[in-house]
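The structure file structure_37.txt is reproduced below (compact mmCIF, C-alpha atoms).
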```txt
# COMPACT_ATOMS: atom_id res chain seq x y z
CA MET A 58 -10.15 -19.59 -55.47
CA SER A 59 -7.50 -17.70 -53.50
CA LYS A 60 -7.87 -16.97 -49.77
CA PRO A 61 -8.17 -13.31 -48.70
CA LYS A 62 -4.95 -11.88 -47.38
CA SER A 63 -4.83 -11.12 -43.62
CA ASN A 64 -4.78 -7.45 -42.80
CA ASN A 65 -1.90 -7.21 -40.34
CA ALA A 66 -2.22 -3.45 -40.01
CA LYS A 67 -5.86 -3.78 -39.00
CA THR A 68 -5.02 -6.46 -36.40
CA VAL A 69 -2.30 -4.32 -34.86
CA SER A 70 -4.60 -1.31 -34.84
CA VAL A 71 -7.34 -3.20 -33.00
CA ALA A 72 -4.84 -4.58 -30.47
CA LEU A 73 -3.41 -1.12 -29.80
CA THR A 74 -6.89 0.32 -29.40
CA LEU A 75 -7.82 -2.37 -26.88
CA CYS A 76 -4.58 -1.79 -24.97
CA LEU A 77 -5.23 1.95 -24.89
CA VAL A 78 -8.81 1.50 -23.67
CA CYS A 79 -7.71 -0.94 -20.95
CA SER A 80 -4.90 1.39 -19.85
CA VAL A 81 -7.33 4.30 -19.55
CA LEU A 82 -9.77 2.19 -17.54
CA VAL A 83 -7.05 0.91 -15.19
CA SER A 84 -5.67 4.43 -14.69
CA ALA A 85 -9.15 5.80 -14.01
CA VAL A 86 -9.82 3.12 -11.40
CA ALA A 87 -6.42 3.72 -9.76
CA VAL A 88 -7.02 7.48 -9.60
CA GLY A 89 -10.53 6.96 -8.31
CA LEU A 90 -9.39 4.59 -5.56
CA LYS A 91 -6.39 6.63 -4.45
CA PRO A 92 -8.30 8.87 -2.00
CA ALA A 93 -9.79 5.77 -0.36
CA GLN A 94 -6.35 4.14 -0.17
CA ILE A 95 -4.86 7.25 1.43
CA GLU A 96 -7.71 7.40 3.93
CA ASN A 97 -7.33 3.70 4.80
CA ALA A 98 -3.58 4.15 5.33
CA ARG A 99 -4.23 7.15 7.58
CA LEU A 100 -6.85 5.21 9.56
CA ASP A 101 -4.49 2.25 9.97
CA ARG A 102 -1.68 4.53 11.18
CA ASN A 103 -3.96 6.26 13.70
CA LYS A 104 -5.30 2.90 14.89
CA ASN A 105 -1.77 1.66 15.58
CA ILE A 106 -0.96 4.86 17.44
CA LEU A 107 -3.98 4.22 19.66
CA VAL A 108 -2.94 0.58 20.11
CA ALA A 109 0.47 1.71 21.36
CA ALA A 110 -1.26 4.21 23.64
CA GLY A 111 -3.59 1.56 25.08
CA MET A 112 -6.63 3.36 23.69
CA TYR A 113 -7.97 0.85 21.15
CA ASP A 114 -10.16 -2.24 21.57
CA THR A 115 -9.75 -4.53 18.56
CA GLU A 116 -13.08 -6.26 19.18
CA GLN A 117 -15.34 -3.24 19.68
CA ASP A 118 -13.86 -0.03 18.33
CA THR A 119 -14.88 1.36 14.95
CA ALA A 120 -13.26 3.75 12.48
CA GLU A 121 -15.32 6.52 14.06
CA ASP A 122 -13.93 5.64 17.50
CA VAL A 123 -10.40 5.85 16.08
CA ALA A 124 -11.08 9.28 14.56
CA ASN A 125 -12.61 10.63 17.76
CA ARG A 126 -9.86 9.40 20.06
CA PHE A 127 -7.07 10.51 17.77
CA GLU A 128 -8.35 14.08 18.14
CA ASP A 129 -6.89 14.00 21.67
CA PHE A 130 -3.38 13.96 20.17
CA ASP A 131 -1.37 16.91 18.90
CA VAL A 132 0.90 16.25 15.93
CA LYS A 133 4.36 17.76 16.50
CA ILE A 134 7.56 17.85 14.47
CA VAL A 135 10.70 17.48 16.59
CA ASP A 136 14.26 18.49 15.78
CA LEU A 137 15.89 15.29 17.01
CA GLN A 138 19.32 16.79 17.64
CA ALA A 139 18.08 19.91 19.45
CA GLY A 140 15.15 18.20 21.14
CA ASN A 141 12.63 20.97 20.46
CA TYR A 142 9.46 21.41 18.41
CA LEU A 143 9.47 23.31 15.11
CA ASP A 144 6.80 25.95 14.59
CA ASP A 145 5.07 26.50 11.24
CA GLU A 146 7.62 29.08 10.06
CA GLN A 147 10.56 26.84 10.94
CA LEU A 148 8.90 23.89 9.20
CA VAL A 149 8.69 25.83 5.93
CA GLU A 150 12.32 26.90 6.31
CA VAL A 151 13.56 23.30 6.59
CA GLY A 152 11.35 22.06 3.75
CA ILE A 153 8.33 20.62 5.56
CA PRO A 154 5.26 22.53 4.33
CA ASP A 155 2.69 20.31 6.07
CA ARG A 156 3.33 18.64 9.43
CA ASN A 157 0.41 16.23 9.01
CA ASN A 158 1.65 14.86 5.70
CA TYR A 159 5.32 14.73 6.70
CA ASP A 160 6.73 11.18 6.53
CA ALA A 161 9.98 10.76 8.45
CA SER A 162 10.62 7.39 6.77
CA GLN A 163 10.51 9.04 3.35
CA ALA A 164 12.68 11.87 4.68
CA THR A 165 15.55 9.41 5.09
CA LYS A 166 15.75 9.33 1.27
CA ASN A 167 16.36 13.09 1.24
CA GLN A 168 19.89 14.14 2.19
CA ALA A 169 18.68 17.59 3.25
CA LEU A 170 16.26 16.05 5.75
CA SER A 171 18.41 13.20 7.11
CA ASN A 172 21.86 12.20 8.29
CA ASP A 173 23.97 9.23 7.22
CA LEU A 174 24.61 6.96 10.22
CA GLY A 175 27.63 5.29 8.65
CA ALA A 176 29.03 2.52 10.82
CA ASN A 177 27.15 3.77 13.90
CA ASP A 178 23.87 2.22 12.84
CA PRO A 179 22.67 -0.45 15.32
CA ALA A 180 19.08 -0.29 14.04
CA GLY A 181 20.15 -0.93 10.45
CA ILE A 182 18.22 2.00 8.96
CA GLY A 183 21.07 3.65 7.04
CA ARG A 184 19.98 7.23 7.57
CA VAL A 185 18.16 8.93 10.44
CA PRO A 186 15.72 11.80 9.80
CA LYS A 187 16.68 15.19 11.22
CA TYR A 188 13.05 15.79 12.12
CA ALA A 189 10.55 13.31 13.54
CA LYS A 190 6.77 13.39 13.77
CA VAL A 191 5.48 12.61 17.27
CA TYR A 192 2.01 12.43 18.77
CA VAL A 193 1.40 14.10 22.13
CA LYS A 194 -1.64 13.71 24.40
CA ASN A 195 -1.83 16.44 27.03
CA ASP A 196 -3.71 16.36 30.32
CA ASP A 197 -6.23 19.00 31.42
CA ALA A 198 -3.40 21.23 32.66
CA GLY A 199 -1.70 21.15 29.26
CA ASN A 200 1.16 18.91 30.36
CA PRO A 201 2.14 15.80 28.34
CA GLU A 202 0.19 12.81 29.59
CA MET A 203 1.82 10.52 27.06
CA VAL A 204 3.87 10.75 23.87
CA VAL A 205 3.80 8.28 20.98
CA LEU A 206 7.10 7.88 19.13
CA PRO A 207 7.42 6.31 15.66
CA ILE A 208 10.23 3.73 15.56
CA GLN A 209 11.82 1.56 12.88
CA GLY A 210 14.68 -0.89 12.57
CA TYR A 211 15.86 -3.92 10.63
CA GLY A 212 14.57 -7.34 11.71
CA LEU A 213 15.30 -10.62 9.93
CA TRP A 214 13.90 -9.97 6.45
CA GLY A 215 13.34 -6.25 6.34
CA THR A 216 12.54 -3.08 8.22
CA ILE A 217 10.06 -3.24 11.11
CA TYR A 218 7.89 -0.15 11.66
CA GLY A 219 6.04 0.62 14.87
CA PHE A 220 5.11 3.04 17.63
CA LEU A 221 6.41 3.29 21.21
CA THR A 222 4.39 5.16 23.86
CA LEU A 223 5.92 6.69 27.00
CA GLU A 224 3.98 7.92 30.00
CA SER A 225 4.21 11.44 31.48
CA ASP A 226 7.57 10.77 33.16
CA MET A 227 9.04 10.18 29.66
CA ASN A 228 10.56 7.00 31.06
CA THR A 229 7.86 4.41 31.72
CA ILE A 230 6.72 2.53 28.62
CA LYS A 231 2.94 2.48 28.27
CA GLY A 232 2.70 0.35 25.15
CA ILE A 233 4.11 -0.63 21.79
CA SER A 234 2.70 -1.62 18.39
CA PHE A 235 4.09 -2.87 15.08
CA TYR A 236 2.22 -2.12 11.88
CA GLU A 237 4.54 -3.11 9.03
CA HIS A 238 7.22 -5.79 8.76
CA LYS A 239 8.41 -8.78 6.71
CA GLU A 240 9.00 -11.18 9.58
CA THR A 241 8.20 -14.90 9.33
CA PRO A 242 4.54 -15.80 10.05
CA GLY A 243 4.24 -17.83 13.25
CA LEU A 244 7.74 -16.82 14.36
CA GLY A 245 9.03 -13.26 14.13
CA ALA A 246 5.58 -12.01 13.11
CA ARG A 247 4.42 -12.81 16.64
CA ILE A 248 5.78 -9.43 17.72
CA GLU A 249 2.28 -8.25 16.76
CA GLU A 250 0.60 -10.51 19.32
CA PRO A 251 -1.00 -8.62 22.24
CA GLU A 252 0.51 -11.06 24.76
CA TRP A 253 4.05 -10.29 23.63
CA ARG A 254 3.50 -6.56 23.29
CA ALA A 255 1.99 -6.46 26.79
CA GLN A 256 5.38 -7.37 28.26
CA TRP A 257 6.64 -3.87 27.45
CA SER A 258 3.96 -2.10 29.47
CA GLY A 259 5.23 -0.66 32.75
CA ILE A 260 8.97 -1.12 32.24
CA HIS A 261 11.46 1.75 32.33
CA SER A 262 13.30 3.12 29.32
CA TYR A 263 16.24 4.51 31.33
CA ASP A 264 18.12 3.71 34.51
CA LYS A 265 18.93 6.23 37.23
CA ASN A 266 21.95 7.43 35.24
CA GLY A 267 19.85 8.19 32.18
CA GLU A 268 21.19 5.23 30.18
CA VAL A 269 18.88 3.06 28.08
CA ALA A 270 17.89 0.20 30.38
CA THR A 271 15.68 -2.14 28.40
CA GLY A 272 15.74 -4.50 25.45
CA VAL A 273 15.11 -8.16 24.61
CA THR A 274 16.99 -10.93 26.41
CA LYS A 275 17.38 -14.71 26.21
CA ALA A 276 15.08 -17.43 27.52
CA GLY A 277 16.26 -19.05 30.72
CA ASN A 278 18.13 -15.88 31.62
CA PRO A 279 15.41 -13.52 32.90
CA LYS A 280 16.46 -9.94 33.39
CA GLU A 281 14.37 -7.38 35.20
CA ASN A 282 13.05 -4.58 33.00
CA TRP A 283 13.83 -6.55 29.82
CA VAL A 284 11.38 -8.38 27.58
CA ASP A 285 10.89 -12.03 26.67
CA GLY A 286 11.65 -12.80 23.06
CA ILE A 287 10.01 -15.39 20.80
CA SER A 288 11.16 -18.96 20.27
CA GLY A 289 12.69 -19.42 16.84
CA ALA A 290 12.79 -15.68 16.17
CA THR A 291 16.12 -14.69 17.67
CA LEU A 292 17.10 -12.27 14.90
CA THR A 293 13.70 -10.59 14.97
CA GLY A 294 14.01 -10.09 18.73
CA ARG A 295 17.53 -8.78 18.28
CA GLY A 296 16.28 -6.32 15.68
CA VAL A 297 13.51 -5.09 17.98
CA SER A 298 15.99 -4.72 20.84
CA ASN A 299 18.42 -2.72 18.68
CA MET A 300 15.57 -0.61 17.36
CA ILE A 301 14.25 0.28 20.83
CA GLN A 302 17.71 1.08 22.15
CA PHE A 303 18.58 3.20 19.11
CA TRP A 304 15.48 5.39 19.25
CA LEU A 305 15.77 5.89 23.02
CA SER A 306 19.42 6.91 22.65
CA GLU A 307 21.07 10.25 21.85
CA GLN A 308 20.81 9.34 18.17
CA GLY A 309 17.04 9.18 18.52
CA TYR A 310 14.54 10.74 20.89
CA LYS A 311 16.60 11.14 24.08
CA PRO A 312 17.35 14.89 23.61
CA TYR A 313 13.64 15.48 23.08
CA LEU A 314 12.57 13.35 26.05
CA ASP A 315 15.17 15.03 28.28
CA ALA A 316 13.82 18.43 27.23
CA LEU A 317 10.22 17.42 27.98
CA ARG A 318 11.24 16.05 31.36
CA GLU A 319 13.15 19.20 32.23
CA GLU A 320 10.26 21.42 31.15
CA SER A 321 7.75 19.53 33.29
CA GLY A 322 10.11 19.21 36.26
CA ALA A 323 9.94 15.41 36.12
CA THR A 324 12.96 13.25 36.94
CA ILE A 325 14.02 9.71 36.15
CA ASP A 326 13.04 8.05 39.42
CA ASN A 327 14.55 4.61 39.68
CA ALA A 328 14.53 4.12 43.43
CA ASP A 329 14.06 0.42 42.83
CA ALA A 330 16.96 0.43 40.31
CA GLN A 331 14.71 -0.76 37.52
CA ALA A 332 10.97 -1.18 37.07
CA SER A 333 9.53 -4.57 37.98
CA GLN A 334 8.02 -6.41 35.07
CA ALA A 335 4.51 -7.30 36.19
CA ASN A 336 4.02 -10.20 33.82
CA LEU A 337 7.57 -11.58 33.80
CA GLU A 338 6.51 -14.68 35.74
CA GLN A 339 3.55 -15.19 33.42
CA ALA A 340 5.74 -15.53 30.32
CA LYS A 341 5.14 -18.72 28.37
CA PRO A 342 7.83 -21.36 29.00
CA THR A 343 8.10 -22.03 25.26
CA THR A 344 9.40 -18.56 24.45
CA GLU A 345 13.06 -17.96 23.80
CA LEU A 346 14.45 -14.51 24.36
CA ALA A 347 16.54 -12.84 21.71
CA ALA A 348 19.99 -11.61 22.65
CA ALA A 349 20.50 -7.86 22.50
CA LEU A 350 23.63 -8.03 20.33
CA PRO A 351 24.79 -5.77 17.49
CA LEU A 352 22.79 -6.12 14.30
CA ALA A 353 23.95 -9.09 12.24
CA THR A 354 21.82 -8.64 9.12
CA GLY A 355 22.26 -6.34 6.16
CA LYS A 356 20.25 -3.23 5.40
CA GLU A 357 17.06 -3.19 3.41
CA ALA A 358 17.43 -1.54 0.04
```
What would you get if you wrote out this structure as structure tokens?
Amino acid sequence: MSKPKSNNAKTVSVALTLCLVCSVLVSAVAVGLKPAQIENARLDRNKNILVAAGMYDTEQDTAEDVANRFEDFDVKIVDLQAGNYLDDEQLVEVGIPDRNNYDASQATKNQALSNDLGANDPAGIGRVPKYAKVYVKNDDAGNPEMVVLPIQGYGLWGTIYGFLTLESDMNTIKGISFYEHKETPGLGARIEEPEWRAQWSGIHSYDKNGEVATGVTKAGNPKENWVDGISGATLTGRGVSNMIQFWLSEQGYKPYLDALREESGATIDNADAQASQANLEQAKPTTELAAALPLATGKEA
């Protein structure tokens, strides 16, 4: 008695049907979850803005607290070269239809919205956006109380993304946060630790001549107004230092900060030469500070 022949066509048909059904289910789940993913990303961004602004308690604050406090900030788009805000009409003209959804990091992939830094690229970012999104908290009189500036630069293994907050004088650093990076856990990743980030609070961005006056320095060689690095994470500290100095320079936010300072009548007051670092003496003896030298790593693809 002969065995029945296998029906290869039927087997292939069943397999294709199963693949199609699974693909539809996976696509449906992905589409269904996308709004939640977008909302979570927005919440995480706003939380990190509040962290940099010193307005978030990791142990007590909820998503509702984040939403309520973020309402105190105005979202602005800045022309980095000119140092001024773009109104809605100007935003449409340059190709930014929605200020809230504008992503300056993505803009660096668009030649119309960014400039090639060439060899003058200490932060290792390749291109700098022509327009940046900033977050401004005004006081009751309508004057800037603080401004939160997105920053990015190459560390050891990839690009580090964060926020830097300046107080009303557009010189004193209020806080800093890092929300995305590829640094080594237990070493470079310690830039996220509150104790390390707290070192930035209260130091000055610029000296009395308007030059960038802060960065990350080496252990055993304390320098006023500079920040302790992390032992074993020299290249990460160097990347953070280059990143801070780049975004505070003429290539970054300096034209904008100068314009804000001029508008408010504020001046860079460095009567004591540089701001004293309140917790400099409290730095852990095991930390090693990273040298603020030119970037030694390649660029992230």
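Proximity to A:Gln209 was assessed for A:Lys133, A:His261, A:His238, A:Lys280 counting all atoms listed in the file; the smallest distance is recorded for A:His238.
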Shortest contact to A:Val205, candidates A:Phe130, A:Phe235, A:Tyr142, A:Trp253, atoms counted only C-alpha atoms, goes to A:Phe130
Separating atom CA of A:Glu281 from atom CA of A:Asn228, to the nearest tenth of an Å, is a gap of 15.4 Å
Answer as a PyMOL selection string, residues within 12 Å of (12.8, 19.3, 31.5) using only C-alpha atoms: chain A and resi 140-141+200-201+225-227+311-325
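Nearest to A:Glu249 of all the residues A:Ile233, A:Leu174, A:Met203, A:Leu143 is A:Ile233, counting only C-alpha atoms.
Remark: for A:Asp264, the closest of the candidate residues A:Asn282, A:Gly296, A:Leu221, A:Ile95 is A:Asn282 (distances computed over only C-alpha atoms).
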